[in-house]
Amino acid sequence: MSRGSTDVLVRGLRVLGIGIREQWRVFSLAVIGSALYGAMTVASAFVMGRVTAQVIVPAFESGHTTAGAPAGAAALILLGGDDSGGASGSEGSPVRVQAIASYDPEGGDGEHDEKVVDATDGDPVTYWTTETYRTFAKDGVGIVVQPDGDVSSLTVRTDTPGFTAEIRAGDSPTSFDRTVSAAKTVEATTTFDLDGSGRYLLIWITALDSRAHVNEVTARAS
Ligand SMILES: [Ca+2]
Ligand SMILES: [Ca+2]
């Protein structure tokens with residue numbers, strides 16, 4: 001570097017130093033602003049990545065999408081995309097869970113068995129549904145899931161929030177002798193903390209208005 005340009009650099013740095021000393025508030029704001037902008041850029045990239053993985057890629061793979069999927073994706077982008085299921089739902093490691101049957105002991109005719117697979121297909125738009133009830137007078141109906149091992153919480157996602165459910169456990173997919181969670185009003189995303197587990201878990205719906213959907217079931221172990 002020539003003598004002249006070194007002088008220019010030194011003088012430039014000196015001016016910058018004076019500027020920072022005299023206008024440190026502005027300088028700090030500029031640094032904090034840049035950092036925030038960077039963090040938000042990373043966060044939005046993260047959300048876009050999830051939307052791509054959960055909605056757009058499955059839509060391409062299955063060759064179709066439903067009207068609700070892009071709307072759900074848009075909502076996820078706008079809301080910031082937290083689907084961890086609340087404080088307790090984000091603890092522990094994920095355990096694979098598979099919906100295997102409906103459960104309707106008082107009906108004897110099943111409960112939309114053909115839709116059972118949609119409760120654990122990884123698509124938040126597709127769902128298992130109960131039948132439609134003018135008045136719901138049964139003790140309950142439900143959907144049976146089989147986890148890959150013991151679980152400490154079960155998270156249910158639905159697009160028909162407001163029904164009441166609890167989790168029961170059993171060693172056969174047709175008999176559930178243990179109630180392992182508190183009864184809850186199921187919101188869009190509801191995590192049931194489990195006290196005990198079983199080879200099969202039943203999402204036992206005890207009150208509903210017309211019908212109840214289970215869009216996705218996920219499980220975690222502590
Ligand atoms: Ca039925
Ligand atoms: Ca689904």
# chains A, B, ... in the order shown; residues from 1 in each chain; ligands from 1

call {"tool": "residues_near_ligand", "arguments": {"ligand": "ligand 1", "cutoff": "10 Å", "atoms": "only C-alpha atoms and all ligand atoms", "output": "VMD selection string"}}
result
chain A and resid 102 to 113 130 to 133 141 to 142

call {"tool": "residues_around", "arguments": {"residues": "Gly149 in chain A", "least_positions_apart": "2", "cutoff": "9 Å", "atoms": "only C-alpha atoms", "output": "list in words"}}
result
Val95, Arg96, Val97, Gln146, Pro147, Val151, Ser197, Gly198, Arg199 and Ala221 of chain A

call {"tool": "residues_near_ligand", "arguments": {"ligand": "ligand 2", "cutoff": "12 Å", "atoms": "only C-alpha atoms and all ligand atoms", "output": "ChimeraX atom specification"}}
result
/A:54-55,58,69,98-99,115-129,156-159,213-218

call {"tool": "closest_residue", "arguments": {"among": "A:Ala183, A:Ala101, A:Pro173, A:Pro161", "to": "Ser210 in chain A", "atoms": "only C-alpha atoms"}}
result
A:Pro161

call {"tool": "decode", "arguments": {"residues": "range 108-156 of chain A", "atoms": "N, CA and C atoms", "output": "mmCIF file, in the first residue's frame"}}
result
data_model
loop_
_atom_site.group_PDB
_atom_site.id
_atom_site.type_symbol
_atom_site.label_atom_id
_atom_site.label_comp_id
_atom_site.auth_asym_id
_atom_site.auth_seq_id
_atom_site.Cartn_x
_atom_site.Cartn_y
_atom_site.Cartn_z
ATOM 1 N N GLY A 108 -70.534 -50.383 17.023
ATOM 2 C CA GLY A 108 -70.288 -51.688 16.399
ATOM 3 C C GLY A 108 -70.079 -51.618 14.895
ATOM 4 N N ASP A 109 -70.072 -50.417 14.338
ATOM 5 C CA ASP A 109 -69.951 -50.290 12.883
ATOM 6 C C ASP A 109 -68.696 -49.515 12.498
ATOM 7 N N GLY A 110 -67.770 -49.409 13.427
ATOM 8 C CA GLY A 110 -66.556 -48.648 13.136
ATOM 9 C C GLY A 110 -66.845 -47.157 13.089
ATOM 10 N N GLU A 111 -65.836 -46.405 12.772
ATOM 11 C CA GLU A 111 -65.969 -44.947 12.771
ATOM 12 C C GLU A 111 -65.013 -44.410 11.702
ATOM 13 N N HIS A 112 -65.492 -44.445 10.468
ATOM 14 C CA HIS A 112 -64.682 -43.996 9.323
ATOM 15 C C HIS A 112 -63.285 -44.635 9.323
ATOM 16 N N ASP A 113 -63.274 -45.964 9.311
ATOM 17 C CA ASP A 113 -61.996 -46.703 9.274
ATOM 18 C C ASP A 113 -61.119 -46.307 8.094
ATOM 19 N N GLU A 114 -61.784 -45.973 6.964
ATOM 20 C CA GLU A 114 -61.018 -45.647 5.751
ATOM 21 C C GLU A 114 -60.228 -44.348 5.898
ATOM 22 N N LYS A 115 -60.564 -43.551 6.940
ATOM 23 C CA LYS A 115 -59.880 -42.273 7.134
ATOM 24 C C LYS A 115 -58.806 -42.347 8.224
ATOM 25 N N VAL A 116 -58.670 -43.507 8.864
ATOM 26 C CA VAL A 116 -57.737 -43.642 9.990
ATOM 27 C C VAL A 116 -56.311 -43.251 9.594
ATOM 28 N N VAL A 117 -55.887 -43.710 8.412
ATOM 29 C CA VAL A 117 -54.490 -43.466 7.991
ATOM 30 C C VAL A 117 -54.174 -41.964 7.902
ATOM 31 N N ASP A 118 -55.203 -41.169 7.676
ATOM 32 C CA ASP A 118 -54.968 -39.729 7.495
ATOM 33 C C ASP A 118 -54.578 -39.015 8.795
ATOM 34 N N ALA A 119 -54.714 -39.700 9.943
ATOM 35 C CA ALA A 119 -54.371 -39.070 11.226
ATOM 36 C C ALA A 119 -52.873 -39.088 11.502
ATOM 37 N N THR A 120 -52.132 -39.921 10.759
ATOM 38 C CA THR A 120 -50.676 -39.943 10.960
ATOM 39 C C THR A 120 -49.950 -39.977 9.612
ATOM 40 N N ASP A 121 -50.486 -39.274 8.625
ATOM 41 C CA ASP A 121 -49.835 -39.261 7.303
ATOM 42 C C ASP A 121 -48.888 -38.078 7.130
ATOM 43 N N GLY A 122 -48.711 -37.286 8.202
ATOM 44 C CA GLY A 122 -47.770 -36.164 8.127
ATOM 45 C C GLY A 122 -48.337 -34.940 7.436
ATOM 46 N N ASP A 123 -49.563 -35.026 6.954
ATOM 47 C CA ASP A 123 -50.191 -33.895 6.264
ATOM 48 C C ASP A 123 -51.194 -33.248 7.215
ATOM 49 N N PRO A 124 -50.958 -31.990 7.621
ATOM 50 C CA PRO A 124 -51.855 -31.344 8.587
ATOM 51 C C PRO A 124 -53.243 -31.058 8.024
ATOM 52 N N VAL A 125 -53.425 -31.211 6.728
ATOM 53 C CA VAL A 125 -54.719 -30.892 6.109
ATOM 54 C C VAL A 125 -55.660 -32.105 6.104
ATOM 55 N N THR A 126 -55.108 -33.310 5.929
ATOM 56 C CA THR A 126 -55.950 -34.510 5.885
ATOM 57 C C THR A 126 -56.275 -34.961 7.306
ATOM 58 N N TYR A 127 -57.416 -35.637 7.486
ATOM 59 C CA TYR A 127 -57.841 -35.975 8.851
ATOM 60 C C TYR A 127 -58.677 -37.251 8.890
ATOM 61 N N TRP A 128 -58.671 -37.883 10.071
ATOM 62 C CA TRP A 128 -59.672 -38.891 10.412
ATOM 63 C C TRP A 128 -60.847 -38.135 11.023
ATOM 64 N N THR A 129 -62.044 -38.616 10.762
ATOM 65 C CA THR A 129 -63.222 -37.963 11.343
ATOM 66 C C THR A 129 -64.134 -38.985 12.011
ATOM 67 N N THR A 130 -64.825 -38.533 13.049
ATOM 68 C CA THR A 130 -65.911 -39.338 13.602
ATOM 69 C C THR A 130 -67.049 -39.283 12.594
ATOM 70 N N GLU A 131 -68.076 -40.097 12.811
ATOM 71 C CA GLU A 131 -69.289 -39.928 12.021
ATOM 72 C C GLU A 131 -69.961 -38.636 12.488
ATOM 73 N N THR A 132 -70.977 -38.217 11.757
ATOM 74 C CA THR A 132 -71.669 -36.976 12.109
ATOM 75 C C THR A 132 -72.833 -37.295 13.047
ATOM 76 N N TYR A 133 -72.877 -36.633 14.178
ATOM 77 C CA TYR A 133 -73.894 -36.903 15.194
ATOM 78 C C TYR A 133 -74.798 -35.690 15.383
ATOM 79 N N ARG A 134 -76.120 -35.947 15.317
ATOM 80 C CA ARG A 134 -77.063 -34.859 15.612
ATOM 81 C C ARG A 134 -76.966 -34.537 17.107
ATOM 82 N N THR A 135 -77.042 -35.590 17.923
ATOM 83 C CA THR A 135 -76.716 -35.426 19.342
ATOM 84 C C THR A 135 -75.773 -36.569 19.692
ATOM 85 N N PHE A 136 -74.790 -36.295 20.486
ATOM 86 C CA PHE A 136 -73.790 -37.311 20.819
ATOM 87 C C PHE A 136 -74.140 -37.907 22.183
ATOM 88 N N ALA A 137 -74.706 -39.123 22.181
ATOM 89 C CA ALA A 137 -75.196 -39.721 23.421
ATOM 90 C C ALA A 137 -74.347 -40.913 23.878
ATOM 91 N N LYS A 138 -73.244 -41.201 23.178
ATOM 92 C CA LYS A 138 -72.381 -42.321 23.553
ATOM 93 C C LYS A 138 -71.427 -41.914 24.674
ATOM 94 N N ASP A 139 -70.837 -42.930 25.346
ATOM 95 C CA ASP A 139 -69.762 -42.632 26.295
ATOM 96 C C ASP A 139 -68.568 -42.041 25.548
ATOM 97 N N GLY A 140 -68.353 -42.550 24.327
ATOM 98 C CA GLY A 140 -67.253 -42.005 23.537
ATOM 99 C C GLY A 140 -67.024 -42.788 22.266
ATOM 100 N N VAL A 141 -66.246 -42.198 21.379
ATOM 101 C CA VAL A 141 -65.716 -42.881 20.195
ATOM 102 C C VAL A 141 -64.261 -42.438 20.095
ATOM 103 N N GLY A 142 -63.495 -43.125 19.264
ATOM 104 C CA GLY A 142 -62.098 -42.708 19.231
ATOM 105 C C GLY A 142 -61.302 -43.320 18.104
ATOM 106 N N ILE A 143 -60.004 -43.034 18.173
ATOM 107 C CA ILE A 143 -59.053 -43.551 17.186
ATOM 108 C C ILE A 143 -57.871 -44.149 17.951
ATOM 109 N N VAL A 144 -57.441 -45.327 17.502
ATOM 110 C CA VAL A 144 -56.375 -46.071 18.172
ATOM 111 C C VAL A 144 -55.049 -45.807 17.470
ATOM 112 N N VAL A 145 -54.035 -45.469 18.258
ATOM 113 C CA VAL A 145 -52.708 -45.276 17.683
ATOM 114 C C VAL A 145 -51.720 -46.221 18.362
ATOM 115 N N GLN A 146 -50.700 -46.596 17.579
ATOM 116 C CA GLN A 146 -49.666 -47.498 18.093
ATOM 117 C C GLN A 146 -48.322 -46.784 18.031
ATOM 118 N N PRO A 147 -47.756 -46.453 19.196
ATOM 119 C CA PRO A 147 -46.448 -45.800 19.197
ATOM 120 C C PRO A 147 -45.316 -46.829 19.150
ATOM 121 N N ASP A 148 -44.162 -46.390 18.635
ATOM 122 C CA ASP A 148 -42.955 -47.230 18.618
ATOM 123 C C ASP A 148 -42.256 -47.118 19.966
ATOM 124 N N GLY A 149 -42.852 -47.665 21.022
ATOM 125 C CA GLY A 149 -42.256 -47.582 22.353
ATOM 126 C C GLY A 149 -43.054 -46.684 23.276
ATOM 127 N N ASP A 150 -42.558 -46.567 24.515
ATOM 128 C CA ASP A 150 -43.258 -45.763 25.513
ATOM 129 C C ASP A 150 -43.227 -44.291 25.130
ATOM 130 N N VAL A 151 -44.326 -43.614 25.429
ATOM 131 C CA VAL A 151 -44.388 -42.180 25.155
ATOM 132 C C VAL A 151 -44.832 -41.454 26.416
ATOM 133 N N SER A 152 -44.434 -40.187 26.525
ATOM 134 C CA SER A 152 -44.812 -39.392 27.695
ATOM 135 C C SER A 152 -45.800 -38.291 27.347
ATOM 136 N N SER A 153 -45.958 -38.015 26.069
ATOM 137 C CA SER A 153 -46.997 -37.050 25.673
ATOM 138 C C SER A 153 -47.484 -37.359 24.263
ATOM 139 N N LEU A 154 -48.746 -37.010 24.054
ATOM 140 C CA LEU A 154 -49.371 -37.201 22.749
ATOM 141 C C LEU A 154 -49.941 -35.848 22.338
ATOM 142 N N THR A 155 -49.624 -35.414 21.120
ATOM 143 C CA THR A 155 -50.136 -34.127 20.646
ATOM 144 C C THR A 155 -51.133 -34.364 19.522
ATOM 145 N N VAL A 156 -52.302 -33.757 19.676
ATOM 146 C CA VAL A 156 -53.386 -33.905 18.696
ATOM 147 C C VAL A 156 -53.602 -32.566 18.006
#
